[in-house]
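What follows is a short report on a single structure.
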Amino acid sequence: MERIRDDGPVSSPAPRRTLVLGGTRSGKSGYAEDLLPADTAVRYAATARRLPGDDEWEARIAAHRGRRPATWVTVESPDLVGELSGPGPLLVDDLGTWLTNVLDDASAWTEPTLPPAVTRRAEALVDAVRRTRGRVVLVSAEVGMGVVPETRSGRVFRDQLGALNAALAEACDETVLVIAGLAVPLSPAGGLAAPAPPQTEAPSAGATTPDNGVVAPGAAAAVAAAGSRPVGARPVMPAATTSGPGVATRPAESAPREADPAVLAPADFEPLRPQPVTRPDVAARREAVARISALAVPVGGLGELGELGAWLAACQGECPPRPPVQARVLLVADDHGIAEAGVSAYPSDAGRARAAAALAGTLPVTIAARTAGAAVRTVDVGLSFPVTDGDAGEHVVARGSGRIDRADALTSEQAERAYRTGQRLADEEIDAGADVLVPASLAVGATTPASVLVAALTGAEPVAVIGRGSGIDDNTWMRKAAAVRDALRRAREHLRDPLALLRTVGGSDIVVIAGFLARAADRRVPVVLDGLVVGAAALLAEELAPGAREWWVAAQGSTEPAMTLVLEHLSLTPVLGLGLRTDDGTAGVAVLPLLVTAARLIAETGTAVDTGIVPLGAG
């Protein structure tokens, strides 16, 4: 069996919620700021209240503001719970000051007992941190490292901040203590997180991690490979029971459709683990921004084209960026069992017809691709029947995905195989010369599992993620809502395990696209996202390859409310507003000429100095 390349060492999952503790002037704020990208619109929740007449305090606030990147947005709001409900990334600095304001508001300093309002606001804050779906960094003072007056007010502050820090440490994915500018990771037990010993052998087939947290002997190497992540971190592989070497079994009531035995031989690759990817080149982006500002155009005159060009420069690691000339489109064909529930305006077997039309070059995306000079590849990963006679189905994961409101979409092995298939497809396209990629799904009913995944990852209710999809009527909408509701119930136990979530309520196409997106980011190739199915796959790809989202650009918004949540969650701004609803990647292909234009504008536009086109007063 073909082995899939897996470059680089295994890395631990990137944390979503980080608590940074430290004493006064310990460097905790600077450390926290370095955890977040300087070129992203980070929301900086400043908890300090301005004090009229206190010039020294104003100077401190100004100094903090001055060192923040220009792309960051400062928010001076006491409503941290509301800020945490928004999209990430968010930095809160600091919680000691926030708690002081809470105690002030409740007049708690001199009360004989603690006012209930203080406890309620602290509990609401911790709960909001648990429920947040975006990247969050919280800064707080470690009370044991400062001087606390032995007065009633001092004891109230010490006790309440200590309790708040402890609750937040339990709610966060990691806690870091900063001492004299040095960061020390802490384990949940309160000690230092011990580094793992070097991995000397691969995990044995069939190794499992039981729900009680006790690691089976065969999984020891896999746990060691996770590095210094604290005990109790979210699982990185779905557990499976085995009835034989490498053969995963699941309860009969959740078994998906039978797969083609030819593509289900025992796996011969390492288990998947989340692996962060390298960020685009910040220096190249800055150079592009500086170059744009020197061009003979009004300030901001290039608009979104300038932003696209700067993003392209960062992805390529050079300025001016090269116009992408080897765009490649990947169309993934699959059949979803949930389509049998009548959740689409099209019959369940229309996915096969769409794949045939793609091969014939008559789908909108294939016509747009010819216009843009992009190559198109159509791949069957899960159709119930091959499109053409004699199709070997070399990329088929399963002949149809399970009906997710009643059963799992895939087995554990199929889900991992699908992810690896996506990685392999990305490698093949990139090795063939692709310098920008556009993936899409041709499946019928695929927005139903996509909506379930978005609801599961963002905490939204079913009715908040369901749109009209393929043009469904009211009755179909209600059937779709019921299907999403039932599938979401099945998904909730897997919220902290991305691959298990995909296995349970995803489908072959979504998992393949997730692997495709993650690998493209790892190979430093930009991708244009288009459509809800790709958006849902992108959410999971970001979970399995943290940082991948910085290699993507969103083609357009959507009438699907779930896609709006995807864009907010990934902090992506759509390029187009054409209202295309083909869901086959057509809007993604429409962005390709704009990328070429953006690159050429940066490279070829004359500068103000060279042309003499200088605004009044600028000379």
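Each chain of the structure tokens is named A, B, ... in the order shown, its residues numbered from 1; ligands are numbered from 1 in display order.
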Inset, instruction - Write out as JSON, numbers by chain which residues come within 8 Å of segment 523-532 of chain A when counting only C-alpha atoms, dropping same-chain ones fewer than 6 positions away. - result: {"A": [278, 280, 312, 315, 316, 430, 434, 435, 436, 437, 438, 439, 440, 447, 450, 451, 517, 551, 552, 553, 554, 555, 556, 558, 560, 562, 563, 583, 584, 585, 586, 587, 588, 591]}
Since we have the selection now, will you write its residues out, keeping N, CA, C and O atoms, as a compact mmCIF listing (two decimals), in the first residue's frame?
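out-v6.txt written:
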# COMPACT_ATOMS: atom_id res chain seq x y z
N THR A 278 3.35 26.27 9.61
CA THR A 278 4.11 27.51 9.62
C THR A 278 3.27 28.65 9.07
O THR A 278 2.54 28.48 8.10
N PRO A 280 2.39 32.23 7.14
CA PRO A 280 2.96 32.96 5.99
C PRO A 280 4.01 33.96 6.45
O PRO A 280 4.06 34.36 7.62
N LEU A 312 -0.85 37.43 -0.78
CA LEU A 312 -0.13 36.57 -1.72
C LEU A 312 1.38 36.67 -1.51
O LEU A 312 2.10 35.66 -1.56
N CYS A 315 2.26 34.57 1.46
CA CYS A 315 2.20 33.14 1.15
C CYS A 315 3.41 32.70 0.34
O CYS A 315 3.96 31.61 0.56
N GLN A 316 3.84 33.54 -0.59
CA GLN A 316 4.97 33.19 -1.45
C GLN A 316 6.31 33.49 -0.78
O GLN A 316 7.35 32.98 -1.23
N ILE A 430 0.19 19.86 -5.94
CA ILE A 430 1.31 20.79 -5.71
C ILE A 430 2.56 20.30 -6.43
O ILE A 430 3.30 21.09 -7.04
N ALA A 434 1.03 23.27 -8.96
CA ALA A 434 -0.03 24.20 -8.52
C ALA A 434 0.54 25.28 -7.62
O ALA A 434 1.28 25.00 -6.68
N ASP A 435 0.18 26.55 -7.92
CA ASP A 435 0.58 27.64 -7.04
C ASP A 435 -0.62 28.30 -6.36
O ASP A 435 -0.45 29.22 -5.55
N VAL A 436 -1.82 27.84 -6.65
CA VAL A 436 -3.02 28.23 -5.90
C VAL A 436 -4.06 27.13 -6.16
O VAL A 436 -4.13 26.57 -7.26
N LEU A 437 -4.85 26.80 -5.13
CA LEU A 437 -5.78 25.67 -5.22
C LEU A 437 -7.21 26.11 -4.90
O LEU A 437 -7.41 27.01 -4.08
N VAL A 438 -8.18 25.45 -5.53
CA VAL A 438 -9.60 25.71 -5.26
C VAL A 438 -10.30 24.36 -5.13
O VAL A 438 -10.55 23.68 -6.13
N PRO A 439 -10.64 23.92 -3.90
CA PRO A 439 -11.38 22.67 -3.74
C PRO A 439 -12.89 22.91 -3.69
O PRO A 439 -13.36 23.99 -3.36
N ALA A 440 -13.68 21.87 -4.03
CA ALA A 440 -15.13 21.96 -3.94
C ALA A 440 -15.71 20.56 -3.89
O ALA A 440 -15.06 19.59 -4.30
N THR A 447 -24.63 20.02 2.42
CA THR A 447 -24.73 21.14 3.35
C THR A 447 -25.36 20.73 4.68
O THR A 447 -25.24 21.45 5.66
N ALA A 450 -22.43 19.54 6.74
CA ALA A 450 -21.63 20.75 6.93
C ALA A 450 -22.26 21.65 7.99
O ALA A 450 -21.56 22.21 8.85
N SER A 451 -23.58 21.78 7.96
CA SER A 451 -24.27 22.60 8.96
C SER A 451 -24.14 22.01 10.35
O SER A 451 -23.99 22.73 11.34
N LEU A 517 -6.93 20.75 2.57
CA LEU A 517 -6.65 22.12 3.03
C LEU A 517 -5.48 22.14 4.00
O LEU A 517 -4.62 23.05 3.94
N TRP A 551 -3.47 30.66 5.41
CA TRP A 551 -3.12 30.36 4.01
C TRP A 551 -4.34 30.39 3.11
O TRP A 551 -4.23 30.04 1.92
N TRP A 552 -5.49 30.77 3.64
CA TRP A 552 -6.73 30.75 2.87
C TRP A 552 -7.30 32.15 2.67
O TRP A 552 -7.13 33.03 3.51
N VAL A 553 -8.05 32.30 1.60
CA VAL A 553 -8.84 33.49 1.36
C VAL A 553 -10.25 33.01 1.00
O VAL A 553 -10.41 31.99 0.33
N ALA A 554 -11.26 33.73 1.48
CA ALA A 554 -12.66 33.34 1.22
C ALA A 554 -13.15 34.02 -0.06
O ALA A 554 -13.03 35.24 -0.22
N ALA A 555 -13.72 33.22 -0.97
CA ALA A 555 -14.17 33.77 -2.25
C ALA A 555 -15.36 34.70 -2.07
O ALA A 555 -15.38 35.80 -2.62
N GLN A 556 -16.36 34.27 -1.30
CA GLN A 556 -17.58 35.07 -1.19
C GLN A 556 -18.30 34.74 0.10
O GLN A 556 -18.01 33.75 0.77
N SER A 558 -22.25 34.10 1.81
CA SER A 558 -23.21 33.07 1.45
C SER A 558 -24.56 33.39 2.04
O SER A 558 -24.67 34.09 3.06
N GLU A 560 -26.20 31.02 3.18
CA GLU A 560 -26.26 30.02 4.24
C GLU A 560 -25.74 30.63 5.54
O GLU A 560 -24.58 31.04 5.62
N ALA A 562 -24.80 29.27 8.18
CA ALA A 562 -23.65 28.53 8.71
C ALA A 562 -22.35 29.05 8.13
O ALA A 562 -21.31 29.07 8.81
N MET A 563 -22.35 29.47 6.86
CA MET A 563 -21.13 29.98 6.25
C MET A 563 -20.72 31.31 6.87
O MET A 563 -19.52 31.60 7.00
N ASP A 583 -22.27 26.32 -5.59
CA ASP A 583 -21.59 25.45 -4.63
C ASP A 583 -20.68 24.42 -5.29
O ASP A 583 -20.52 23.31 -4.80
N ASP A 584 -20.09 24.78 -6.40
CA ASP A 584 -19.18 23.87 -7.09
C ASP A 584 -17.80 24.50 -7.27
O ASP A 584 -16.97 23.98 -8.03
N GLY A 585 -17.55 25.61 -6.60
CA GLY A 585 -16.25 26.27 -6.70
C GLY A 585 -16.18 27.37 -7.73
O GLY A 585 -15.10 27.95 -7.95
N THR A 586 -17.32 27.72 -8.36
CA THR A 586 -17.30 28.74 -9.40
C THR A 586 -16.82 30.09 -8.86
O THR A 586 -16.02 30.78 -9.50
N ALA A 587 -17.31 30.48 -7.69
CA ALA A 587 -16.88 31.76 -7.11
C ALA A 587 -15.39 31.72 -6.76
O ALA A 587 -14.69 32.73 -6.91
N GLY A 588 -14.90 30.56 -6.32
CA GLY A 588 -13.47 30.44 -6.04
C GLY A 588 -12.64 30.66 -7.28
O GLY A 588 -11.61 31.35 -7.24
N VAL A 591 -12.19 34.27 -8.35
CA VAL A 591 -11.19 35.07 -7.61
C VAL A 591 -9.81 34.98 -8.26
O VAL A 591 -8.98 35.88 -8.10
Inset, instruction - Using DSSP on the backbone coordinates, identify the residues of segment 330-485 of chain A assigned to strand (DSSP E); present them as a list in words. - result: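 Here are the strand (DSSP E) residues of segment 330-485 of chain A: Leu330, Leu331, Val332, Ala333, Asp334, Ala375, Val376, Arg377, Thr378, Val379, Asp380, Val381, Gly382, Val436, Leu437, Val438, Pro439, Ala440 and Ser441 of chain A.
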Inset, instruction - Measuring atom to atom with only C-alpha atoms, identify which of A:Arg68, A:Arg503, A:Arg121, A:Arg485 is nearest to Val397 of chain A. - result: A:Arg503
Which residues, written as a CSV table (one decimal) with all heavy atoms, in the first residue's frame, have at least one atom at most 12 Å from Ile367 of chain A, with only C-alpha atoms counted and residues fewer than 6 positions away on the same chain left out?
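File produced: part34.csv:
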chain,number,residue,atom,x,y,z
A,329,VAL,N,-8.1,23.2,-9.7
A,329,VAL,CA,-9.4,23.0,-9.1
A,329,VAL,C,-9.6,21.5,-8.8
A,329,VAL,O,-9.4,20.7,-9.7
A,329,VAL,CB,-10.5,23.6,-9.9
A,329,VAL,CG1,-11.9,23.4,-9.2
A,329,VAL,CG2,-10.3,25.0,-10.3
A,357,ALA,N,-21.1,15.5,-15.3
A,357,ALA,CA,-21.1,16.8,-16.0
A,357,ALA,C,-19.7,17.5,-15.8
A,357,ALA,O,-19.3,18.1,-16.7
A,357,ALA,CB,-22.2,17.6,-15.5
A,358,ALA,N,-19.1,17.3,-14.7
A,358,ALA,CA,-17.8,17.9,-14.4
A,358,ALA,C,-16.8,17.3,-15.4
A,358,ALA,O,-16.0,18.0,-16.0
A,358,ALA,CB,-17.4,17.7,-13.0
A,359,LEU,N,-16.8,15.9,-15.5
A,359,LEU,CA,-15.9,15.3,-16.4
A,359,LEU,C,-16.1,15.7,-17.9
A,359,LEU,O,-15.2,15.8,-18.7
A,359,LEU,CB,-16.1,13.8,-16.3
A,359,LEU,CG,-15.6,13.2,-15.0
A,359,LEU,CD1,-16.0,11.7,-14.9
A,359,LEU,CD2,-14.1,13.3,-14.8
A,360,ALA,N,-17.4,16.0,-18.2
A,360,ALA,CA,-17.7,16.5,-19.6
A,360,ALA,C,-17.4,17.9,-19.8
A,360,ALA,O,-17.5,18.4,-20.9
A,360,ALA,CB,-19.2,16.2,-19.9
A,361,GLY,N,-17.1,18.7,-18.7
A,361,GLY,CA,-16.8,20.1,-18.8
A,361,GLY,C,-18.0,21.0,-19.0
A,361,GLY,O,-17.8,22.1,-19.5
A,373,GLY,N,-8.1,29.8,-17.1
A,373,GLY,CA,-6.8,29.1,-17.4
A,373,GLY,C,-6.5,28.1,-16.3
A,373,GLY,O,-5.3,27.8,-16.1
A,374,ALA,N,-7.4,27.6,-15.5
A,374,ALA,CA,-7.2,26.7,-14.4
A,374,ALA,C,-7.5,25.3,-14.8
A,374,ALA,O,-8.4,25.0,-15.5
A,374,ALA,CB,-8.0,27.1,-13.2
A,375,ALA,N,-6.7,24.4,-14.3
A,375,ALA,CA,-6.9,23.0,-14.6
A,375,ALA,C,-7.9,22.4,-13.6
A,375,ALA,O,-8.0,22.9,-12.4
A,375,ALA,CB,-5.6,22.2,-14.4
A,376,VAL,N,-8.7,21.5,-14.0
A,376,VAL,CA,-9.8,20.9,-13.2
A,376,VAL,C,-9.6,19.4,-13.0
A,376,VAL,O,-9.3,18.7,-14.1
A,376,VAL,CB,-11.2,21.2,-13.7
A,376,VAL,CG1,-12.3,20.5,-12.8
A,376,VAL,CG2,-11.4,22.7,-13.9
A,584,ASP,N,-20.1,24.8,-6.4
A,584,ASP,CA,-19.2,23.9,-7.1
A,584,ASP,C,-17.8,24.5,-7.3
A,584,ASP,O,-17.0,24.0,-8.0
A,584,ASP,CB,-19.7,23.5,-8.5
A,584,ASP,CG,-20.0,24.7,-9.4
A,584,ASP,OD1,-19.7,25.8,-9.0
A,584,ASP,OD2,-20.4,24.4,-10.5
A,585,GLY,N,-17.5,25.6,-6.6
A,585,GLY,CA,-16.2,26.3,-6.7
A,585,GLY,C,-16.2,27.4,-7.7
A,585,GLY,O,-15.1,27.9,-8.0
A,586,THR,N,-17.3,27.7,-8.4
A,586,THR,CA,-17.3,28.7,-9.4
A,586,THR,C,-16.8,30.1,-8.9
A,586,THR,O,-16.0,30.8,-9.5
A,586,THR,CB,-18.7,28.9,-10.0
A,586,THR,OG1,-19.1,27.7,-10.6
A,586,THR,CG2,-18.7,29.9,-11.1
A,587,ALA,N,-17.3,30.5,-7.7
A,587,ALA,CA,-16.9,31.8,-7.1
A,587,ALA,C,-15.4,31.7,-6.8
A,587,ALA,O,-14.7,32.7,-6.9
A,587,ALA,CB,-17.7,32.1,-5.9
A,589,VAL,N,-13.1,30.1,-8.4
A,589,VAL,CA,-12.4,30.3,-9.7
A,589,VAL,C,-12.4,31.8,-10.1
A,589,VAL,O,-11.5,32.3,-10.7
A,589,VAL,CB,-12.9,29.4,-10.7
A,589,VAL,CG1,-12.3,29.7,-12.1
A,589,VAL,CG2,-12.7,27.9,-10.4
A,590,ALA,N,-13.6,32.4,-9.8
A,590,ALA,CA,-13.7,33.8,-10.2
A,590,ALA,C,-12.7,34.7,-9.5
A,590,ALA,O,-12.4,35.8,-9.9
A,590,ALA,CB,-15.1,34.3,-9.9
Inset, instruction - Could you tell me which of A:Pro87, A:Pro116, A:Pro274, A:Gly547 comes closest to Leu36 of chain A if we count only C-alpha atoms? - result: A:Gly547
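Computed from the coordinates, the atom CA of Glu542 of chain A to atom CA of Pro89 of chain A distance equals 13.5 Å.
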What lies within 9 Å of Asp380 of chain A using only C-alpha atoms, ignoring chain neighbours under 3 positions off, as a PDB file with C-alpha atoms, in the first residue's frame?
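The result, stored in around_29.pdb:
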ATOM      1  CA  LEU A 331     -13.814  18.579  -7.408  1.00  0.00           C
ATOM      2  CA  VAL A 332     -14.684  15.825  -4.937  1.00  0.00           C
ATOM      3  CA  ALA A 333     -17.632  13.504  -5.666  1.00  0.00           C
ATOM      4  CA  ASP A 334     -19.436  11.695  -2.845  1.00  0.00           C
ATOM      5  CA  ALA A 355     -19.582  14.323 -11.414  1.00  0.00           C
ATOM      6  CA  LEU A 383     -20.062   7.703  -4.882  1.00  0.00           C
ATOM      7  CA  PRO A 386     -18.673   4.688 -10.270  1.00  0.00           C
ATOM      8  CA  VAL A 387     -19.287   7.436 -12.817  1.00  0.00           C
ATOM      9  CA  GLY A 393     -11.880   4.047  -7.689  1.00  0.00           C
ATOM     10  CA  GLU A 394      -8.325   4.438  -6.378  1.00  0.00           C
ATOM     11  CA  HIS A 395      -9.375   7.303  -4.084  1.00  0.00           C
ATOM     12  CA  VAL A 396     -12.698   5.842  -2.915  1.00  0.00           C
ATOM     13  CA  VAL A 397     -12.981   5.803   0.860  1.00  0.00           C
ATOM     14  CA  ASP A 509     -15.879  14.531   0.752  1.00  0.00           C
TER      15      ASP A 509
END
Inset, instruction - Record the distance separating atom CA of Ala536 of chain A and atom CA of Ala514 of chain A, expressed in Å with one decimal. - result: 8.4 Å
Inset, instruction - Could you tell me, as a list in words, which residues of segment 331-377 of chain A DSSP assigns to helix (DSSP H, G or I) when given the backbone? - result: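 These are the residues in question: Gly337, Ile338, Ala339, Glu340, Ala341, Ala350, Gly351, Arg352, Ala353, Arg354, Ala355, Ala356, Ala357, Ala358, Leu359, Ala360, Pro364, Val365, Thr366, Ile367, Ala368, Ala369, Arg370, Thr371 and Ala372 of chain A.
Minimum atom-to-atom distance to Arg354 of chain A, evaluated using only C-alpha atoms, belongs to A:Leu442 out of A:Val178, A:Ala398, A:Leu442, A:Ala432.
Closest approach to Leu308 of chain A among A:Val20, A:Ala598, A:Ile613, A:Val505: A:Ala598, based on only C-alpha atoms.
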Inset, instruction - Find the spatial neighbours of Ala538 of chain A, counting only C-alpha atoms, within a cut-off of 10 Å - ignore same-chain residues fewer than 3 positions away - and output them as a ChimeraX atom specification. - result: /A:510-511,513-518,529,532-535,541-545,548-549,552,566-567,570
Inset, instruction - Give the answer as one residue: which of A:Val299, A:Ala124, A:Val277, A:Ala141 has the shortest atom-to-atom distance to Asp79 of chain A, using only C-alpha atoms? - result: A:Ala124
Inset, instruction - Skip Gly507 of chain A itself and residues of its chain fewer than 3 positions away, then list as a PyMOL selection string all residues within 10 Å of it, counting only C-alpha atoms. - result: chain A and resi 334-338+381-382+397-398+400-404+408-410+414-415+418+443+446+449-450+502-504+510-512
Inset, instruction - In Å, rounded to a single decimal, give me how far atom CA of Pro112 of chain A is from atom CA of Pro78 of chain A. - result: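 We find that atom CA of Pro78 of chain A and atom CA of Pro112 of chain A lie 25.4 Å from each other.
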Legend entry - Nearest to Arg420 of chain A, chosen from A:Lys480, A:Arg519, A:Arg492, A:Arg16, with only C-alpha atoms counted in the distances: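 Smallest separation from Arg420 of chain A among the options: A:Arg519.
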Closest atom pairs, segment 439-522 of chain A residues within 8 Å of segment 339-344 of chain A, only C-alpha atoms, as a Markdown table:
| residue | atom | partner | partner_atom | distance |
| --- | --- | --- | --- | --- |
| A:Val444 | CA | A:Ala339 | CA | 6.6 |
| A:Gly445 | CA | A:Ala339 | CA | 4.9 |
| A:Ala446 | CA | A:Ala339 | CA | 7.9 |
| A:Thr448 | CA | A:Val343 | CA | 7.4 |
| A:Gly469 | CA | A:Ser344 | CA | 7.4 |
| A:Ser470 | CA | A:Ser344 | CA | 6.2 |
| A:Gly471 | CA | A:Ser344 | CA | 7.8 |
| A:Ile472 | CA | A:Ser344 | CA | 6.2 |
| A:Thr476 | CA | A:Val343 | CA | 5.5 |
| A:Trp477 | CA | A:Val343 | CA | 6.9 |
| A:Arg479 | CA | A:Val343 | CA | 6.0 |
| A:Lys480 | CA | A:Val343 | CA | 4.8 |
| A:Ala483 | CA | A:Ala341 | CA | 7.8 |
